[in-house]
Every structure is written in structure tokens, then in C-alpha cells.
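structure.pdb follows (PDB, C-alpha atoms):
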ATOM      1  CA  GLY R   1      55.676-152.473-103.373
ATOM      2  CA  TYR R   2      55.136-153.474 -99.781
ATOM      3  CA  TYR R   3      55.439-151.299 -96.695
ATOM      4  CA  SER R   4      55.572-152.659 -93.166
ATOM      5  CA  ILE R   5      55.550-151.177 -89.665
ATOM      6  CA  PHE R   6      57.684-152.589 -86.862
ATOM      7  CA  ASP R   7      56.124-152.525 -83.388
ATOM      8  CA  LYS R   8      58.904-151.794 -80.892
ATOM      9  CA  LYS R   9      56.798-153.007 -77.961
ATOM     10  CA  THR R  10      56.026-156.453 -79.331
ATOM     11  CA  ARG R  11      59.296-156.614 -81.320
ATOM     12  CA  ARG R  12      57.520-157.848 -84.425
ATOM     13  CA  TRP R  13      56.281-156.547 -87.743
ATOM     14  CA  ASP R  14      52.818-155.373 -86.841
ATOM     15  CA  LYS R  15      51.274-154.153 -90.108
ATOM     16  CA  TYR R  16      51.779-154.817 -93.796
ATOM     17  CA  TYR R  17      50.516-152.606 -96.598
ATOM     18  CA  ASN R  18      50.280-152.887-100.352
ATOM     19  CA  SER R  19      51.846-149.530-101.160
ATOM     20  CA  ALA R  20      52.905-147.059-103.823
ATOM     21  CA  ILE R  21      56.135-145.233-102.968
ATOM     22  CA  LEU R  22      57.129-141.874-104.455
ATOM     23  CA  VAL R  23      60.876-141.246-104.715
ATOM     24  CA  PRO R  24      61.391-137.529-105.578
ATOM     25  CA  PRO R  25      64.766-135.935-106.394
ATOM     26  CA  SER R  26      64.953-134.624-102.815
ATOM     27  CA  GLY R  27      64.992-138.192-101.520
ATOM     28  CA  GLU R  28      62.115-137.568 -99.100
ATOM     29  CA  LEU R  29      59.915-140.615 -99.642
ATOM     30  CA  ASP R  30      56.148-140.410 -99.655
ATOM     31  CA  TYR R  31      53.737-143.314 -99.432
ATOM     32  CA  TYR R  32      50.238-144.318-100.392
ATOM     33  CA  HIS R  33      48.803-147.451 -98.790
ATOM     34  CA  LYS R  34      46.098-149.334-100.652
ATOM     35  CA  HIS R  35      42.690-148.731 -99.102
ATOM     36  CA  ILE R  36      40.311-150.958-101.075
ATOM     37  CA  LEU R  37      41.697-154.428-100.445
ATOM     38  CA  LEU R  38      40.785-157.504-102.469
ATOM     39  CA  PRO R  39      38.810-159.991-100.327
ATOM     40  CA  PHE R  40      40.207-163.530-100.188
ATOM     41  CA  GLY R  41      43.385-162.212-101.822
ATOM     42  CA  GLU R  42      44.758-159.397 -99.681
ATOM     43  CA  TYR R  43      42.625-160.069 -96.627
ATOM     44  CA  MET R  44      40.113-162.551 -95.266
ATOM     45  CA  PRO R  45      36.665-161.070 -94.555
ATOM     46  CA  LEU R  46      35.886-161.359 -90.817
ATOM     47  CA  GLY R  47      39.431-162.668 -90.333
ATOM     48  CA  GLU R  48      40.129-160.300 -87.442
ATOM     49  CA  THR R  49      36.980-161.449 -85.622
ATOM     50  CA  PHE R  50      37.431-165.136 -86.436
ATOM     51  CA  PRO R  51      41.188-165.753 -86.966
ATOM     52  CA  PHE R  52      40.662-169.402 -87.957
ATOM     53  CA  LEU R  53      39.134-168.174 -91.237
ATOM     54  CA  LYS R  54      42.586-167.040 -92.401
ATOM     55  CA  SER R  55      43.634-170.673 -92.693
ATOM     56  CA  VAL R  56      40.667-171.561 -94.915
ATOM     57  CA  VAL R  57      42.284-169.992 -97.997
ATOM     58  CA  ALA R  58      45.960-170.926 -98.137
ATOM     59  CA  ALA R  59      47.143-168.001-100.277
ATOM     60  CA  VAL R  60      45.148-165.245 -98.543
ATOM     61  CA  GLY R  61      47.154-162.192 -97.481
ATOM     62  CA  ASP R  62      46.960-160.266 -94.244
ATOM     63  CA  PHE R  63      47.371-156.676 -95.401
ATOM     64  CA  SER R  64      46.239-153.663 -93.406
ATOM     65  CA  ARG R  65      43.962-151.073 -94.953
ATOM     66  CA  GLY R  66      45.373-147.651 -95.820
ATOM     67  CA  ALA R  67      43.848-144.377 -94.600
ATOM     68  CA  GLY R  68      42.019-143.636 -97.859
ATOM     69  CA  ALA R  69      42.081-141.191-100.751
ATOM     70  CA  SER R  70      45.228-139.054-100.905
ATOM     71  CA  THR R  71      47.752-137.696-103.391
ATOM     72  CA  LEU R  72      51.482-138.019-103.991
ATOM     73  CA  ASN R  73      52.883-134.664-105.095
ATOM     74  CA  ILE R  74      56.033-133.784-107.003
ATOM     75  CA  ILE R  75      57.254-130.623-108.759
ATOM     76  CA  SER R  76      58.964-131.194-112.104
ATOM     77  CA  GLY R  77      59.848-128.573-114.706
ATOM     78  CA  GLY R  78      58.120-125.886-112.676
ATOM     79  CA  MET R  79      54.844-127.829-112.739
ATOM     80  CA  GLU R  80      53.276-129.632-109.810
ATOM     81  CA  ALA R  81      51.997-133.116-110.501
ATOM     82  CA  ARG R  82      49.495-134.297-107.931
ATOM     83  CA  PHE R  83      49.253-138.034-108.502
ATOM     84  CA  ALA R  84      46.117-139.894-107.472
ATOM     85  CA  PRO R  85      47.593-143.336-106.798
ATOM     86  CA  THR R  86      45.295-146.309-107.266
ATOM     87  CA  ILE R  87      46.493-149.873-106.865
ATOM     88  CA  CYS R  88      44.866-152.587-108.953
ATOM     89  CA  TYR R  89      41.057-152.468-108.890
ATOM     90  CA  GLU R  90      40.857-149.266-106.851
ATOM     91  CA  ILE R  91      40.621-147.317-110.104
ATOM     92  CA  LEU R  92      37.361-149.087-110.909
ATOM     93  CA  LYS R  93      35.557-147.467-107.961
ATOM     94  CA  SER R  94      34.444-144.128-109.361
ATOM     95  CA  SER R  95      33.495-142.554-106.012
ATOM     96  CA  TYR R  96      36.938-143.300-104.574
ATOM     97  CA  VAL R  97      38.737-141.761-107.563
ATOM     98  CA  ARG R  98      36.376-138.795-107.356
ATOM     99  CA  ASP R  99      37.482-138.242-103.739
ATOM    100  CA  MET R 100      41.083-138.034-104.925
ATOM    101  CA  VAL R 101      40.188-135.294-107.405
ATOM    102  CA  LYS R 102      38.543-133.442-104.531
ATOM    103  CA  LYS R 103      41.991-133.544-102.918
ATOM    104  CA  ASP R 104      43.316-131.705-105.999
ATOM    105  CA  ALA R 105      44.740-134.671-107.940
ATOM    106  CA  ASN R 106      45.532-133.801-111.563
ATOM    107  CA  VAL R 107      47.054-137.098-112.765
ATOM    108  CA  PHE R 108      45.727-140.602-112.122
ATOM    109  CA  LEU R 109      48.361-143.255-111.462
ATOM    110  CA  ASN R 110      47.281-146.881-111.685
ATOM    111  CA  ILE R 111      49.683-149.626-110.621
ATOM    112  CA  THR R 112      48.490-153.176-111.033
ATOM    113  CA  ASN R 113      49.366-156.826-111.438
ATOM    114  CA  ASP R 114      47.085-158.303-114.098
ATOM    115  CA  SER R 115      49.005-161.533-114.585
ATOM    116  CA  TRP R 116      46.461-163.623-112.679
ATOM    117  CA  PHE R 117      43.517-163.486-115.045
ATOM    118  CA  GLY R 118      44.585-164.510-118.533
ATOM    119  CA  LYS R 119      44.636-162.394-121.691
ATOM    120  CA  TYR R 120      41.176-160.801-121.581
ATOM    121  CA  GLU R 121      41.091-159.233-118.118
ATOM    122  CA  PRO R 122      44.000-156.808-118.806
ATOM    123  CA  MET R 123      42.082-155.365-121.760
ATOM    124  CA  GLN R 124      38.892-155.082-119.705
ATOM    125  CA  HIS R 125      40.778-153.467-116.813
ATOM    126  CA  LEU R 126      42.275-150.831-119.119
ATOM    127  CA  ALA R 127      38.918-150.154-120.798
ATOM    128  CA  LEU R 128      37.154-149.653-117.473
ATOM    129  CA  ALA R 129      39.962-147.469-116.128
ATOM    130  CA  ARG R 130      39.538-145.117-119.098
ATOM    131  CA  VAL R 131      36.080-144.196-117.805
ATOM    132  CA  ARG R 132      37.715-142.425-114.837
ATOM    133  CA  SER R 133      39.428-140.052-117.282
ATOM    134  CA  ILE R 134      36.142-139.322-119.020
ATOM    135  CA  GLU R 135      34.352-138.673-115.715
ATOM    136  CA  ASN R 136      36.999-136.411-114.191
ATOM    137  CA  ARG R 137      39.011-135.085-117.183
ATOM    138  CA  ARG R 138      42.297-136.343-115.807
ATOM    139  CA  PRO R 139      44.994-138.364-117.622
ATOM    140  CA  ILE R 140      45.890-141.859-116.459
ATOM    141  CA  LEU R 141      49.448-143.121-116.260
ATOM    142  CA  ARG R 142      49.120-146.889-116.014
ATOM    143  CA  SER R 143      51.962-149.242-115.119
ATOM    144  CA  THR R 144      51.525-153.020-115.017
ATOM    145  CA  ASN R 145      54.039-155.820-114.681
ATOM    146  CA  THR R 146      52.681-157.990-117.518
ATOM    147  CA  GLY R 147      50.536-155.469-119.428
ATOM    148  CA  ILE R 148      48.738-153.449-120.450
ATOM    149  CA  SER R 149      50.719-150.316-119.514
ATOM    150  CA  ALA R 150      49.371-147.165-121.133
ATOM    151  CA  LEU R 151      48.877-143.418-121.155
ATOM    152  CA  VAL R 152      45.230-142.325-121.345
ATOM    153  CA  ASP R 153      44.511-138.661-122.077
ATOM    154  CA  LEU R 154      41.919-136.383-120.481
ATOM    155  CA  THR R 155      39.185-137.553-122.849
ATOM    156  CA  GLY R 156      39.702-141.271-122.240
ATOM    157  CA  GLN R 157      41.655-141.958-125.434
ATOM    158  CA  VAL R 158      44.657-144.286-125.229
ATOM    159  CA  VAL R 159      47.583-142.174-126.455
ATOM    160  CA  LYS R 160      50.197-144.901-126.154
ATOM    161  CA  ARG R 161      50.166-148.418-124.813
ATOM    162  CA  GLY R 162      52.398-151.384-124.319
ATOM    163  CA  GLY R 163      51.782-154.991-125.158
ATOM    164  CA  LEU R 164      50.580-157.961-123.179
ATOM    165  CA  GLY R 165      53.304-160.184-121.764
ATOM    166  CA  THR R 166      56.046-158.227-123.545
ATOM    167  CA  SER R 167      59.295-156.740-122.224
ATOM    168  CA  GLU R 168      59.466-153.022-123.045
ATOM    169  CA  TYR R 169      59.528-149.493-121.726
ATOM    170  CA  LEU R 170      57.443-146.494-122.743
ATOM    171  CA  ILE R 171      58.567-142.866-123.002
ATOM    172  CA  LEU R 172      55.521-140.693-122.413
ATOM    173  CA  ASP R 173      54.629-137.004-122.375
ATOM    174  CA  VAL R 174      52.048-136.858-119.612
ATOM    175  CA  PRO R 175      49.631-133.891-119.756
ATOM    176  CA  VAL R 176      49.138-132.234-116.369
ATOM    177  CA  CYS R 177      45.953-130.195-116.037
ATOM    178  CA  ASP R 178      45.004-127.497-113.554
ATOM    179  CA  HIS R 179      44.048-129.294-110.352
ATOM    180  CA  ARG R 180      41.217-126.784-109.789
ATOM    181  CA  ILE R 181      39.299-127.975-112.853
ATOM    182  CA  ARG R 182      36.121-129.823-111.910
ATOM    183  CA  THR R 183      33.664-131.714-114.095
ATOM    184  CA  LEU R 184      29.928-131.998-113.491
ATOM    185  CA  TYR R 185      30.436-135.568-112.326
ATOM    186  CA  ASN R 186      33.178-134.547-109.927
ATOM    187  CA  LEU R 187      31.009-131.776-108.496
ATOM    188  CA  PHE R 188      27.696-133.623-108.265
ATOM    189  CA  GLY R 189      28.507-137.313-108.586
ATOM    190  CA  TYR R 190      25.423-139.449-109.252
ATOM    191  CA  LEU R 191      22.970-136.738-108.209
ATOM    192  CA  PHE R 192      21.235-136.856-111.611
ATOM    193  CA  ILE R 193      20.660-140.616-111.277
ATOM    194  CA  TYR R 194      19.203-140.138-107.784
ATOM    195  CA  LEU R 195      16.887-137.418-109.111
ATOM    196  CA  LEU R 196      15.930-139.342-112.255
ATOM    197  CA  PRO R 197      12.958-141.243-110.702
ATOM    198  CA  PHE R 198      11.478-137.923-109.537
ATOM    199  CA  ILE R 199      12.082-136.356-112.955
ATOM    200  CA  ILE R 200      10.350-139.293-114.669
ATOM    201  CA  ALA R 201       7.450-139.221-112.201
ATOM    202  CA  GLY R 202       7.052-135.466-112.653
ATOM    203  CA  THR R 203       7.103-135.798-116.433
ATOM    204  CA  VAL R 204       4.464-138.556-116.364
ATOM    205  CA  LEU R 205       2.180-136.463-114.131
ATOM    206  CA  LEU R 206       2.639-133.419-116.366
ATOM    207  CA  LEU R 207       1.772-135.366-119.514
ATOM    208  CA  ARG R 208      -1.222-136.957-117.805
ATOM    209  CA  ASN R 209      -2.579-133.575-116.722
ATOM    210  CA  LYS R 210      -2.189-132.229-120.262
ATOM    211  CA  LYS R 211      -4.014-135.253-121.638
ATOM    212  CA  GLU R 212      -6.916-134.813-119.195
ATOM    213  CA  LYS R 213      -7.221-131.108-120.067
ATOM    214  CA  ARG R 214      -7.484-131.977-123.768
ATOM    215  CA  ARG R 215     -10.315-134.404-123.034
ATOM    216  CA  LYS R 216     -12.224-131.676-121.226
TER     217      LYS R 216
END
How does this structure look as C-alpha cells?
Amino acid sequence: GYYSIFDKKTRRWDKYYNSAILVPPSGELDYYHKHILLPFGEYMPLGETFPFLKSVVAAVGDFSRGAGASTLNIISGGMEARFAPTICYEILKSSYVRDMVKKDANVFLNITNDSWFGKYEPMQHLALARVRSIENRRPILRSTNTGISALVDLTGQVVKRGGLGTSEYLILDVPVCDHRIRTLYNLFGYLFIYLLPFIIAGTVLLLRNKKEKRRK
């Protein structure tokens, strides 16, 4: 959905967001505004500095950037679901999704429009999204307008999925885990990768020293 802010001083709509809106039984709406915008689609790079650039691409949007990682929370059946909302390609950025888990998210929600890229991109998008479940041990509830909608469990397995370009609805039992659960990746991120060159260098030096001692 779209969310806009009206500026009473200028009497015009000042900001537009690509947003996810939570409608709980209480009727008190909550919002998440997309933070990672698609360049040349949702905004023009350097468009604020050089406004003429916005006219270079006819279909470019002028969306504002949301505040960042957050959760949308709802209590259902005595259990609190803390949704980590990601819109479109946001779910592909592992560090951003990791930040949402740090804010106690226990269910990933991915809303996307994959109708622009043919029949292969929706399958690739779903496959890449599954990695976030593996990294963080959180289920993904994925809703798309043309496919592929799906439920991915905590291990990255697709429990149930819809078709591509089909009209249907899915009834899903979504597992909700303890929001305090943390994986090694969620705790340390890519620390191992950063340390890997030092580990390799240390191993090489150790083996070299052993080899020299044998020669002596």
C-alpha cells in the first residue's frame, strides 16, 4: 500500500511512502515504511540534489525513505507475533533482516510485486528469501500479487506455496517462535568471514613452522 503525509503549511502532500499497514482487531493501525528503495524505480539517485534528473526516467517514483528496521506486533490466540515487514527486495539484504531480529521479530513478512520480471525472477526471489529463514531461524510469510506466495518454515523449507500468475488463496498455520532465540549468524553476523583471512594466515604460518622444524 501507499502512505502519504499532508503538510498543513504548504497545503500539499509532502511525502509518499511504500508501506505495509497492520490492521489489528482493535482498529489501531500501525505502519512500516519501506527503507531500502529501488533506484530508478522508487526514487532517482541524486534527484533531491539535481531535480532535473527525475525527468530523465519517465516512470521513476518519488518515494520517501522509511526510518528503518522495525516490527509490527499483534497478539492472537494468546501469542504475540512480532512481524518483521520487508517490502520487495528488502528481504534480500541479510544485515537489514538481521537488525529486525535484534528488535525481537519472530516472523518475517515479505510483501512484493514480482510481475515486472517474467517467470524466472519470482522463483529466484523466493529461493533467495528462504536464506533469511536459515540464517535467523524465523518463518517467512510471503504475499505477492502475481506469485509466488508461500510459507517458509524456520529451516528454510517451503511448507506451502501458491502458483505463478494464478488466482487463489492460501490457508496457513504459521509457526511463531520465541523472539529471544538467536542464531550464531544473528549474534555475530559475518564475523567469521572477517576473521577468515587471519585464520588462514595463522594456519599457513603454523604449518610452515612445523615443516621447518622437521627439516632441522
Next on the checklist: Taking the file as I've supplied it (selection: the PyMOL selection byres ((chain R and resi 70) around 9)), which residues are included? Please answer as an MDAnalysis selection string.
Outcome noted: chainID R and resid 32 67:69 71:72 83:85 99:100 103 105
Checklist entry - Rounded to one decimal in Å, what is the spacing between atom CA of R:Ile74 and atom CA of R:Pro25? => result 9.0 Å
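In terms of minimum interatomic distance to R:Ser94, R:Asn186 ranks closest within R:Asn186, R:Glu80, R:Tyr43, R:Tyr31, counting all atoms listed in the file.
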Item to check | Selection result of the PyMOL selection byres ((chain R and resi 61) around 10) on this file, as a list in words | outcome: Tyr16, Leu37, Leu38, Pro39, Phe40, Gly41, Glu42, Tyr43, Met44, Lys54, Val57, Ala58, Ala59, Val60, Asp62, Phe63 and Ser64 of chain R
Mind writing the picked residues with C-alpha atoms as a CSV table (one decimal), keeping the file's coordinate frame?
chain,number,residue,atom,x,y,z
R,16,TYR,CA,51.8,-154.8,-93.8
R,37,LEU,CA,41.7,-154.4,-100.4
R,38,LEU,CA,40.8,-157.5,-102.5
R,39,PRO,CA,38.8,-160.0,-100.3
R,40,PHE,CA,40.2,-163.5,-100.2
R,41,GLY,CA,43.4,-162.2,-101.8
R,42,GLU,CA,44.8,-159.4,-99.7
R,43,TYR,CA,42.6,-160.1,-96.6
R,44,MET,CA,40.1,-162.6,-95.3
R,54,LYS,CA,42.6,-167.0,-92.4
R,57,VAL,CA,42.3,-170.0,-98.0
R,58,ALA,CA,46.0,-170.9,-98.1
R,59,ALA,CA,47.1,-168.0,-100.3
R,60,VAL,CA,45.1,-165.2,-98.5
R,62,ASP,CA,47.0,-160.3,-94.2
R,63,PHE,CA,47.4,-156.7,-95.4
R,64,SER,CA,46.2,-153.7,-93.4
Item to check | Residues selected by the PyMOL selection byres ((chain R and resi 151-165) around 6), written as an MDAnalysis selection string | outcome: chainID R and resid 130 133:134 137:141 146:150 166
Checklist entry - How far is it from atom CA of R:Val97 to atom CA of R:Glu168, in Å with one decimal? => result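 Straight-line distance from atom CA of R:Val97 to atom CA of R:Glu168 works out to 28.2 Å.
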Checklist entry - Quick one, how far is atom CA of R:Lys119 from atom CA of R:Ser143? => result 16.4 Å
Checklist entry - For R:Glu135, which residue among R:Thr183, R:Ser95, R:Thr49, R:Ser19 is the nearest when counting all atoms listed in the file? => result R:Thr183
With 6 Å added on each side, what axis-aligned box encloses every listed atom of stretch 109-120 of chain R? Give the centre and edge lengths in Å to one decimal, as AutoDock Vina command-line options.
--center_x 45.4 --center_y -153.9 --center_z -116.2 --size_x 20.5 --size_y 33.3 --size_z 23.1
Checklist entry - Contacts of R:Ile181 at 9 Å or less, counting only C-alpha atoms, minus same-chain residues fewer than 2 places along, as a ChimeraX atom specification? => result /R:104,106,136-137,177-179,183
Next on the checklist: as an MDAnalysis selection string, please: the residues near R:Thr144 (cut-off 6 Å, only C-alpha atoms, same-chain neighbours under 4 positions excluded).
Outcome noted: chainID R and resid 111:113 149
Checklist outcome for this item: For R:Leu29, the closest of R:Asn73, R:Asn209, R:Thr86, R:Asn145 counting all atoms listed in the file is R:Asn73
Checklist entry - Can you list, as a ChimeraX atom specification, every protein, DNA or RNA residue that comes within 9 Å of R:Glu90 when you count only C-alpha atoms, leaving out same-chain residues fewer than 6 positions away? => result /R:34-37,96-97,110
Export of prior selection with C-alpha atoms as an mmCIF file, in the frame of the given file:
data_model
loop_
_atom_site.group_PDB
_atom_site.id
_atom_site.type_symbol
_atom_site.label_atom_id
_atom_site.label_comp_id
_atom_site.auth_asym_id
_atom_site.auth_seq_id
_atom_site.Cartn_x
_atom_site.Cartn_y
_atom_site.Cartn_z
ATOM 1 C CA LYS R 34 46.098 -149.334 -100.652
ATOM 2 C CA HIS R 35 42.690 -148.731 -99.102
ATOM 3 C CA ILE R 36 40.311 -150.958 -101.075
ATOM 4 C CA LEU R 37 41.697 -154.428 -100.445
ATOM 5 C CA TYR R 96 36.938 -143.300 -104.574
ATOM 6 C CA VAL R 97 38.737 -141.761 -107.563
ATOM 7 C CA ASN R 110 47.281 -146.881 -111.685
#
Please fill the gaps in stretch 66-77 of chain R so it has all heavy atoms, and write that as a PDB file, in the coordinates of the input.
ATOM      1  N   GLY R  66      44.855-149.007 -95.875  1.00  0.00           N
ATOM      2  CA  GLY R  66      45.373-147.651 -95.820  1.00  0.00           C
ATOM      3  C   GLY R  66      44.316-146.651 -95.387  1.00  0.00           C
ATOM      4  O   GLY R  66      43.132-146.978 -95.282  1.00  0.00           O
ATOM      5  N   ALA R  67      44.742-145.401 -95.149  1.00  0.00           N
ATOM      6  CA  ALA R  67      43.848-144.377 -94.600  1.00  0.00           C
ATOM      7  C   ALA R  67      42.779-143.932 -95.582  1.00  0.00           C
ATOM      8  O   ALA R  67      41.718-143.464 -95.173  1.00  0.00           O
ATOM      9  CB  ALA R  67      44.670-143.185 -94.137  1.00  0.00           C
ATOM     10  N   GLY R  68      43.028-144.055 -96.885  1.00  0.00           N
ATOM     11  CA  GLY R  68      42.019-143.636 -97.859  1.00  0.00           C
ATOM     12  C   GLY R  68      42.589-142.741 -98.938  1.00  0.00           C
ATOM     13  O   GLY R  68      43.806-142.695 -99.151  1.00  0.00           O
ATOM     14  N   ALA R  69      41.703-142.017 -99.607  1.00  0.00           N
ATOM     15  CA  ALA R  69      42.081-141.191-100.751  1.00  0.00           C
ATOM     16  C   ALA R  69      43.113-140.137-100.362  1.00  0.00           C
ATOM     17  O   ALA R  69      42.946-139.424 -99.376  1.00  0.00           O
ATOM     18  CB  ALA R  69      40.842-140.522-101.333  1.00  0.00           C
ATOM     19  N   SER R  70      44.179-140.050-101.142  1.00  0.00           N
ATOM     20  CA  SER R  70      45.228-139.054-100.905  1.00  0.00           C
ATOM     21  C   SER R  70      46.000-138.861-102.206  1.00  0.00           C
ATOM     22  O   SER R  70      45.741-139.536-103.195  1.00  0.00           O
ATOM     23  CB  SER R  70      46.163-139.504 -99.777  1.00  0.00           C
ATOM     24  OG  SER R  70      46.836-140.700-100.129  1.00  0.00           O
ATOM     25  N   THR R  71      46.942-137.948-102.203  1.00  0.00           N
ATOM     26  CA  THR R  71      47.752-137.696-103.391  1.00  0.00           C
ATOM     27  C   THR R  71      49.226-137.784-103.057  1.00  0.00           C
ATOM     28  O   THR R  71      49.639-137.615-101.908  1.00  0.00           O
ATOM     29  CB  THR R  71      47.462-136.294-103.980  1.00  0.00           C
ATOM     30  OG1 THR R  71      47.813-135.285-103.009  1.00  0.00           O
ATOM     31  CG2 THR R  71      46.002-136.156-104.355  1.00  0.00           C
ATOM     32  N   LEU R  72      50.028-138.067-104.083  1.00  0.00           N
ATOM     33  CA  LEU R  72      51.482-138.019-103.991  1.00  0.00           C
ATOM     34  C   LEU R  72      51.945-136.891-104.908  1.00  0.00           C
ATOM     35  O   LEU R  72      51.709-136.941-106.112  1.00  0.00           O
ATOM     36  CB  LEU R  72      52.097-139.360-104.432  1.00  0.00           C
ATOM     37  CG  LEU R  72      51.731-140.584-103.590  1.00  0.00           C
ATOM     38  CD1 LEU R  72      52.307-141.848-104.225  1.00  0.00           C
ATOM     39  CD2 LEU R  72      52.219-140.446-102.164  1.00  0.00           C
ATOM     40  N   ASN R  73      52.585-135.888-104.346  1.00  0.00           N
ATOM     41  CA  ASN R  73      52.883-134.664-105.095  1.00  0.00           C
ATOM     42  C   ASN R  73      54.368-134.530-105.401  1.00  0.00           C
ATOM     43  O   ASN R  73      55.223-134.867-104.574  1.00  0.00           O
ATOM     44  CB  ASN R  73      52.421-133.439-104.297  1.00  0.00           C
ATOM     45  CG  ASN R  73      50.962-133.523-103.898  1.00  0.00           C
ATOM     46  OD1 ASN R  73      50.161-134.173-104.572  1.00  0.00           O
ATOM     47  ND2 ASN R  73      50.601-132.882-102.813  1.00  0.00           N
ATOM     48  N   ILE R  74      54.651-134.023-106.601  1.00  0.00           N
ATOM     49  CA  ILE R  74      56.033-133.784-107.003  1.00  0.00           C
ATOM     50  C   ILE R  74      56.062-132.595-107.970  1.00  0.00           C
ATOM     51  O   ILE R  74      55.150-132.420-108.777  1.00  0.00           O
ATOM     52  CB  ILE R  74      56.661-135.040-107.664  1.00  0.00           C
ATOM     53  CG1 ILE R  74      58.148-134.828-107.917  1.00  0.00           C
ATOM     54  CG2 ILE R  74      55.932-135.405-108.940  1.00  0.00           C
ATOM     55  CD1 ILE R  74      58.862-136.089-108.383  1.00  0.00           C
ATOM     56  N   ILE R  75      57.089-131.756-107.858  1.00  0.00           N
ATOM     57  CA  ILE R  75      57.254-130.623-108.759  1.00  0.00           C
ATOM     58  C   ILE R  75      58.354-130.961-109.762  1.00  0.00           C
ATOM     59  O   ILE R  75      59.471-131.306-109.379  1.00  0.00           O
ATOM     60  CB  ILE R  75      57.622-129.345-107.980  1.00  0.00           C
ATOM     61  CG1 ILE R  75      56.479-128.964-107.029  1.00  0.00           C
ATOM     62  CG2 ILE R  75      57.896-128.191-108.946  1.00  0.00           C
ATOM     63  CD1 ILE R  75      56.781-127.759-106.166  1.00  0.00           C
ATOM     64  N   SER R  76      58.013-130.881-111.038  1.00  0.00           N
ATOM     65  CA  SER R  76      58.964-131.194-112.104  1.00  0.00           C
ATOM     66  C   SER R  76      58.806-130.182-113.228  1.00  0.00           C
ATOM     67  O   SER R  76      57.698-129.965-113.728  1.00  0.00           O
ATOM     68  CB  SER R  76      58.725-132.615-112.634  1.00  0.00           C
ATOM     69  OG  SER R  76      59.611-132.916-113.688  1.00  0.00           O
ATOM     70  N   GLY R  77      59.902-129.555-113.624  1.00  0.00           N
ATOM     71  CA  GLY R  77      59.848-128.573-114.706  1.00  0.00           C
ATOM     72  C   GLY R  77      58.982-127.379-114.373  1.00  0.00           C
ATOM     73  O   GLY R  77      58.347-126.805-115.253  1.00  0.00           O
TER      74      GLY R  77
END
